[in-house]
Amino acid sequence: MPLTLHNTLIKRKQPFTPIAPGRVTMYCCGVTVYDDCHLGHARSYLGWDVLRRYLRWRGYGVHYVQNFTDIDDKILNRAKAEGTTMVAVSERYIQRYFEDMHHLNVMDADEYPRVTEHIGAIHELIGQLAAKGYAYAAGGDVYYQVEQFANYGQLSGRSLATMQAGASGRDLAATAKANPADFALWKAAKPDEPAWDSPWGPGRPGWHIECSAMIRARLGATIDIHGGGGDLVFPHHENEIAQSQAANGKPLANYWLHNGMVTVNGEKMSKSLGNFTTIRDLLDGAWVGYPQPVDPMAVRLFVLQGHYRKPLDFTQDAIAASINSWQTLKAGLLFGDRHGVALAWPAANIQSPLQAPGPDDPWVERFQAAMDDDLNTPGALAVLFELAKGLQREGNRLVHEGKPQSSPDRLLEQWQTLMHLAQVLGFEVPDDSDTDAVSGDLDDAAIAGLIQQRQIARQQRDFATADEIRDQLAAVGIAVVDQPDGAVRWHRQ
RNA sequence: GGCGACAUAGCCAAGUGGUAAGGCAGAGGUCUGCAAAACCUCCAUUCGGCGGUUCGAAUCCGCCUGUCGCCUCCA
């Protein structure tokens, strides 16, 4: 069964076939770096991260490019407000973007082109558009003439006629545009703002031209996949298509993918509505809805438990549920580290679990069927949870009863499968997360001594003393398990 | 107003013609001196509403209701 992806261009799912067999070129619109990323950004980049990981797992070589928009009114405003420079602001938020994404285990793109590095490519593109009659200069600005582009509106499913009918509220007189739907390719310089020389006078690029120029410069005229938030379909992606296809005479992208919005109380999370929660606030415990640090993997789970094209409502309950769910998945992922030795697994398997299961493994088949269907991560996660739950249960049996039900070999197989598939979705447990036990100064002998004392107390029916010892052990992270046959087991929590 | 999505249990969520995955939460039970932990079991005769097609529909068609997104910066 082939991988199918929903293509906004045709508004339905379509089998994925790259231009060059085995290789995928992919571009996703990055952030404008004037502030910290919020959950809406996290959702988008987590989604593209999974797409990319999945393509790689499916055997494709993926070349992934994601831009930084480092010149923009908002960056300039921020710089002005802080009394600093545009470069200082954009550099800061680029750094913070990486910090946030690394916490969420989003893989780095292969390239991160910036607008300010592509002014020459932008000039070249605008020049070509002007030469072909798609662009005109007016008062130091250069505009794209949408009427010249026959397919304008194809991606977003709208026509110029209906757009003009709807654009009644705006002040059209104040612009030099020939048609209200025309958009700026180049904006004339304003006083005190960074500007670059150009054949049309000093100024800076318009909003959409950057992506067209950078895609062509880094990936070529036509790419396989172009991704972005659903709110970018119009006008941003529509305009990218108009620019690139007019200049190159070739399709810009064969597959257009768009993720759904993150909502808060049913409303889109956005800067302008002020209802956003930044990634770092959530991770740092600074979100009022859940005033404790949230494990980044729980955030990843929160995002991937919903399908990428549907709206994702951000609520306290949903985050809390994801935090709990992550505990289950985590227990499954840690199974080998916790119990591999007790099960006498070969040390090499415990240390390098990522050996690929066979393609006919039923777990893998189910996982792949879900993911092949337009990246159905909720369906794929069901497979991971069944594996994780089973392992968690067997781990508990081992701790509480001394042995599991399944054979060590079978458990090893399941653990390897879980580790393998989890990594395709980007779920990982940091190495040090299971070693922070707080068992204080007590060594095993001391613990055994205390448990012996408690047993004596219990036999004498001195339950006050027995409970006191149990509490004492619990305080340093030792759980005592009384067993039906009278024996006592203990373990570090 | 135009264009486009979505509506499944307390919450999140899959399922696109064959009789409701998975997770969280919850309930009961076993065990125990009591706990805790663990284990076992249960938890949508029903998929926003009303019609239609079909042997059969959450799944297809029509209408209605509700919610959201885009049309302005936006992941």
# chains A, B, ... in the order shown; residues from 1 in each chain; ligands from 1
call {"tool": "select_by_dssp", "arguments": {"residues": "segment 9-192 of chain A", "states": "helix (DSSP H, G or I)", "output": "PyMOL selection string"}}
result
chain A and resi 39-57+73-82+86-103+115-117+119-131+146-148+160-166
call {"tool": "residues_around", "arguments": {"residues": "segment 42-59 of chain B", "least_positions_apart": "5", "cutoff": "12 Å", "atoms": "only C-alpha atoms (C1' of nucleotides)", "output": "number ranges by chain"}}
result
B: 6-10, 14-20, 25-29, 64-67
call {"tool": "atom_distance", "arguments": {"atom1": "atom CA of Glu124 of chain A", "atom2": "atom CA of Ala213 of chain A"}}
result
8.5 Å
call {"tool": "closest_atom_pairs", "arguments": {"of": "segment 117-192 of chain A", "to": "segment 243-251 of chain A", "cutoff": "8 Å", "atoms": "only C-alpha atoms", "output": "Markdown table"}}
result
| residue | atom | partner | partner_atom | distance |
| --- | --- | --- | --- | --- |
| A:Leu125 | CA | A:Ala247 | CA | 7.0 |
| A:Gln128 | CA | A:Ala247 | CA | 6.1 |
| A:Leu129 | CA | A:Ala247 | CA | 5.7 |
| A:Lys132 | CA | A:Ala247 | CA | 7.7 |
| A:Tyr134 | CA | A:Ala246 | CA | 7.4 |
| A:Tyr144 | CA | A:Gln243 | CA | 7.9 |
| A:Phe149 | CA | A:Ala246 | CA | 7.0 |
call {"tool": "interface_residues", "arguments": {"of": "chain A", "to": "chain B", "cutoff": "6 Å", "atoms": "only C-alpha atoms (C1' of nucleotides)", "output": "list in words"}}
result
Gly40, His41, Ser44, Gly229, Ala318, Ala321, Gly379 and Ala382 of chain A
call {"tool": "atom_distance", "arguments": {"atom1": "atom CA of Ala347 of chain A", "atom2": "atom CA of Trp57 of chain A"}}
result
25.7 Å
call {"tool": "decode", "arguments": {"residues": "segment 65-98 of chain A", "atoms": "N, CA, C and O atoms", "output": "PDB file, in the first residue's frame"}}
result
ATOM      1  N   VAL A  65      14.015  21.833   3.833  1.00  0.00           N
ATOM      2  CA  VAL A  65      14.419  23.232   3.987  1.00  0.00           C
ATOM      3  C   VAL A  65      13.307  24.004   4.693  1.00  0.00           C
ATOM      4  O   VAL A  65      12.131  23.867   4.346  1.00  0.00           O
ATOM      5  N   GLN A  66      13.689  24.766   5.689  1.00  0.00           N
ATOM      6  CA  GLN A  66      12.714  25.602   6.403  1.00  0.00           C
ATOM      7  C   GLN A  66      13.332  26.975   6.632  1.00  0.00           C
ATOM      8  O   GLN A  66      14.452  27.091   7.125  1.00  0.00           O
ATOM      9  N   ASN A  67      12.581  28.001   6.257  1.00  0.00           N
ATOM     10  CA  ASN A  67      13.176  29.338   6.291  1.00  0.00           C
ATOM     11  C   ASN A  67      12.997  30.022   7.641  1.00  0.00           C
ATOM     12  O   ASN A  67      12.162  29.643   8.452  1.00  0.00           O
ATOM     13  N   PHE A  68      13.795  31.069   7.832  1.00  0.00           N
ATOM     14  CA  PHE A  68      13.511  32.059   8.881  1.00  0.00           C
ATOM     15  C   PHE A  68      13.209  33.368   8.184  1.00  0.00           C
ATOM     16  O   PHE A  68      14.001  33.821   7.348  1.00  0.00           O
ATOM     17  N   THR A  69      12.075  33.953   8.485  1.00  0.00           N
ATOM     18  CA  THR A  69      11.780  35.280   7.966  1.00  0.00           C
ATOM     19  C   THR A  69      12.375  36.274   8.949  1.00  0.00           C
ATOM     20  O   THR A  69      11.863  36.448  10.056  1.00  0.00           O
ATOM     21  N   ASP A  70      13.480  36.880   8.534  1.00  0.00           N
ATOM     22  CA  ASP A  70      14.205  37.740   9.469  1.00  0.00           C
ATOM     23  C   ASP A  70      14.152  39.208   9.065  1.00  0.00           C
ATOM     24  O   ASP A  70      14.968  40.005   9.504  1.00  0.00           O
ATOM     25  N   ILE A  71      13.175  39.531   8.219  1.00  0.00           N
ATOM     26  CA  ILE A  71      12.922  40.946   7.956  1.00  0.00           C
ATOM     27  C   ILE A  71      11.413  41.117   7.810  1.00  0.00           C
ATOM     28  O   ILE A  71      10.776  40.408   7.038  1.00  0.00           O
ATOM     29  N   ASP A  72      10.885  42.030   8.613  1.00  0.00           N
ATOM     30  CA  ASP A  72       9.422  42.117   8.711  1.00  0.00           C
ATOM     31  C   ASP A  72       9.079  43.296   9.620  1.00  0.00           C
ATOM     32  O   ASP A  72       9.869  43.674  10.493  1.00  0.00           O
ATOM     33  N   ASP A  73       7.889  43.838   9.430  1.00  0.00           N
ATOM     34  CA  ASP A  73       7.453  44.982  10.248  1.00  0.00           C
ATOM     35  C   ASP A  73       7.491  44.673  11.739  1.00  0.00           C
ATOM     36  O   ASP A  73       7.884  45.502  12.556  1.00  0.00           O
ATOM     37  N   LYS A  74       7.072  43.463  12.084  1.00  0.00           N
ATOM     38  CA  LYS A  74       6.983  43.132  13.505  1.00  0.00           C
ATOM     39  C   LYS A  74       8.358  43.055  14.155  1.00  0.00           C
ATOM     40  O   LYS A  74       8.529  43.416  15.319  1.00  0.00           O
ATOM     41  N   ILE A  75       9.321  42.567  13.388  1.00  0.00           N
ATOM     42  CA  ILE A  75      10.680  42.520  13.929  1.00  0.00           C
ATOM     43  C   ILE A  75      11.192  43.941  14.129  1.00  0.00           C
ATOM     44  O   ILE A  75      11.787  44.279  15.163  1.00  0.00           O
ATOM     45  N   LEU A  76      10.912  44.787  13.136  1.00  0.00           N
ATOM     46  CA  LEU A  76      11.352  46.182  13.233  1.00  0.00           C
ATOM     47  C   LEU A  76      10.686  46.885  14.410  1.00  0.00           C
ATOM     48  O   LEU A  76      11.340  47.625  15.156  1.00  0.00           O
ATOM     49  N   ASN A  77       9.403  46.641  14.585  1.00  0.00           N
ATOM     50  CA  ASN A  77       8.699  47.265  15.709  1.00  0.00           C
ATOM     51  C   ASN A  77       9.299  46.830  17.039  1.00  0.00           C
ATOM     52  O   ASN A  77       9.465  47.622  17.954  1.00  0.00           O
ATOM     53  N   ARG A  78       9.596  45.554  17.114  1.00  0.00           N
ATOM     54  CA  ARG A  78      10.163  45.026  18.351  1.00  0.00           C
ATOM     55  C   ARG A  78      11.538  45.656  18.613  1.00  0.00           C
ATOM     56  O   ARG A  78      11.859  46.033  19.739  1.00  0.00           O
ATOM     57  N   ALA A  79      12.329  45.755  17.562  1.00  0.00           N
ATOM     58  CA  ALA A  79      13.657  46.348  17.700  1.00  0.00           C
ATOM     59  C   ALA A  79      13.539  47.794  18.164  1.00  0.00           C
ATOM     60  O   ALA A  79      14.278  48.253  19.046  1.00  0.00           O
ATOM     61  N   LYS A  80      12.603  48.496  17.564  1.00  0.00           N
ATOM     62  CA  LYS A  80      12.389  49.892  17.934  1.00  0.00           C
ATOM     63  C   LYS A  80      12.002  49.994  19.398  1.00  0.00           C
ATOM     64  O   LYS A  80      12.537  50.794  20.154  1.00  0.00           O
ATOM     65  N   ALA A  81      11.056  49.155  19.805  1.00  0.00           N
ATOM     66  CA  ALA A  81      10.557  49.192  21.184  1.00  0.00           C
ATOM     67  C   ALA A  81      11.664  48.888  22.182  1.00  0.00           C
ATOM     68  O   ALA A  81      11.682  49.416  23.288  1.00  0.00           O
ATOM     69  N   GLU A  82      12.599  48.035  21.776  1.00  0.00           N
ATOM     70  CA  GLU A  82      13.676  47.648  22.691  1.00  0.00           C
ATOM     71  C   GLU A  82      14.913  48.507  22.506  1.00  0.00           C
ATOM     72  O   GLU A  82      15.912  48.320  23.207  1.00  0.00           O
ATOM     73  N   GLY A  83      14.881  49.400  21.547  1.00  0.00           N
ATOM     74  CA  GLY A  83      16.049  50.226  21.283  1.00  0.00           C
ATOM     75  C   GLY A  83      17.225  49.424  20.761  1.00  0.00           C
ATOM     76  O   GLY A  83      18.382  49.723  21.049  1.00  0.00           O
ATOM     77  N   THR A  84      16.926  48.360  20.023  1.00  0.00           N
ATOM     78  CA  THR A  84      18.011  47.541  19.493  1.00  0.00           C
ATOM     79  C   THR A  84      17.828  47.382  17.980  1.00  0.00           C
ATOM     80  O   THR A  84      17.047  48.112  17.376  1.00  0.00           O
ATOM     81  N   THR A  85      18.549  46.453  17.394  1.00  0.00           N
ATOM     82  CA  THR A  85      18.502  46.326  15.933  1.00  0.00           C
ATOM     83  C   THR A  85      17.662  45.129  15.505  1.00  0.00           C
ATOM     84  O   THR A  85      17.426  44.215  16.281  1.00  0.00           O
ATOM     85  N   MET A  86      17.276  45.162  14.242  1.00  0.00           N
ATOM     86  CA  MET A  86      16.514  44.059  13.676  1.00  0.00           C
ATOM     87  C   MET A  86      17.307  42.754  13.782  1.00  0.00           C
ATOM     88  O   MET A  86      16.752  41.706  14.117  1.00  0.00           O
ATOM     89  N   VAL A  87      18.596  42.849  13.509  1.00  0.00           N
ATOM     90  CA  VAL A  87      19.427  41.649  13.560  1.00  0.00           C
ATOM     91  C   VAL A  87      19.484  41.078  14.978  1.00  0.00           C
ATOM     92  O   VAL A  87      19.400  39.859  15.181  1.00  0.00           O
ATOM     93  N   ALA A  88      19.580  41.964  15.955  1.00  0.00           N
ATOM     94  CA  ALA A  88      19.646  41.487  17.338  1.00  0.00           C
ATOM     95  C   ALA A  88      18.369  40.744  17.709  1.00  0.00           C
ATOM     96  O   ALA A  88      18.403  39.690  18.353  1.00  0.00           O
ATOM     97  N   VAL A  89      17.242  41.290  17.298  1.00  0.00           N
ATOM     98  CA  VAL A  89      15.964  40.648  17.615  1.00  0.00           C
ATOM     99  C   VAL A  89      15.847  39.303  16.904  1.00  0.00           C
ATOM    100  O   VAL A  89      15.526  38.276  17.514  1.00  0.00           O
ATOM    101  N   SER A  90      16.138  39.292  15.616  1.00  0.00           N
ATOM    102  CA  SER A  90      15.946  38.041  14.878  1.00  0.00           C
ATOM    103  C   SER A  90      16.928  36.969  15.353  1.00  0.00           C
ATOM    104  O   SER A  90      16.545  35.807  15.499  1.00  0.00           O
ATOM    105  N   GLU A  91      18.156  37.342  15.640  1.00  0.00           N
ATOM    106  CA  GLU A  91      19.125  36.352  16.135  1.00  0.00           C
ATOM    107  C   GLU A  91      18.646  35.743  17.447  1.00  0.00           C
ATOM    108  O   GLU A  91      18.761  34.532  17.668  1.00  0.00           O
ATOM    109  N   ARG A  92      18.128  36.573  18.299  1.00  0.00           N
ATOM    110  CA  ARG A  92      17.674  36.079  19.604  1.00  0.00           C
ATOM    111  C   ARG A  92      16.552  35.050  19.428  1.00  0.00           C
ATOM    112  O   ARG A  92      16.580  33.978  20.029  1.00  0.00           O
ATOM    113  N   TYR A  93      15.595  35.388  18.583  1.00  0.00           N
ATOM    114  CA  TYR A  93      14.454  34.478  18.477  1.00  0.00           C
ATOM    115  C   TYR A  93      14.759  33.257  17.616  1.00  0.00           C
ATOM    116  O   TYR A  93      14.087  32.231  17.743  1.00  0.00           O
ATOM    117  N   ILE A  94      15.748  33.349  16.789  1.00  0.00           N
ATOM    118  CA  ILE A  94      16.194  32.143  16.083  1.00  0.00           C
ATOM    119  C   ILE A  94      16.799  31.170  17.100  1.00  0.00           C
ATOM    120  O   ILE A  94      16.494  29.973  17.103  1.00  0.00           O
ATOM    121  N   GLN A  95      17.629  31.701  17.987  1.00  0.00           N
ATOM    122  CA  GLN A  95      18.217  30.850  19.023  1.00  0.00           C
ATOM    123  C   GLN A  95      17.131  30.195  19.861  1.00  0.00           C
ATOM    124  O   GLN A  95      17.167  29.008  20.170  1.00  0.00           O
ATOM    125  N   ARG A  96      16.148  30.996  20.244  1.00  0.00           N
ATOM    126  CA  ARG A  96      15.092  30.481  21.122  1.00  0.00           C
ATOM    127  C   ARG A  96      14.199  29.492  20.369  1.00  0.00           C
ATOM    128  O   ARG A  96      13.667  28.556  20.972  1.00  0.00           O
ATOM    129  N   TYR A  97      14.043  29.710  19.079  1.00  0.00           N
ATOM    130  CA  TYR A  97      13.310  28.732  18.272  1.00  0.00           C
ATOM    131  C   TYR A  97      13.996  27.365  18.377  1.00  0.00           C
ATOM    132  O   TYR A  97      13.351  26.344  18.623  1.00  0.00           O
ATOM    133  N   PHE A  98      15.304  27.355  18.206  1.00  0.00           N
ATOM    134  CA  PHE A  98      16.027  26.087  18.258  1.00  0.00           C
ATOM    135  C   PHE A  98      15.924  25.439  19.636  1.00  0.00           C
ATOM    136  O   PHE A  98      15.746  24.224  19.757  1.00  0.00           O
TER     137      PHE A  98
END
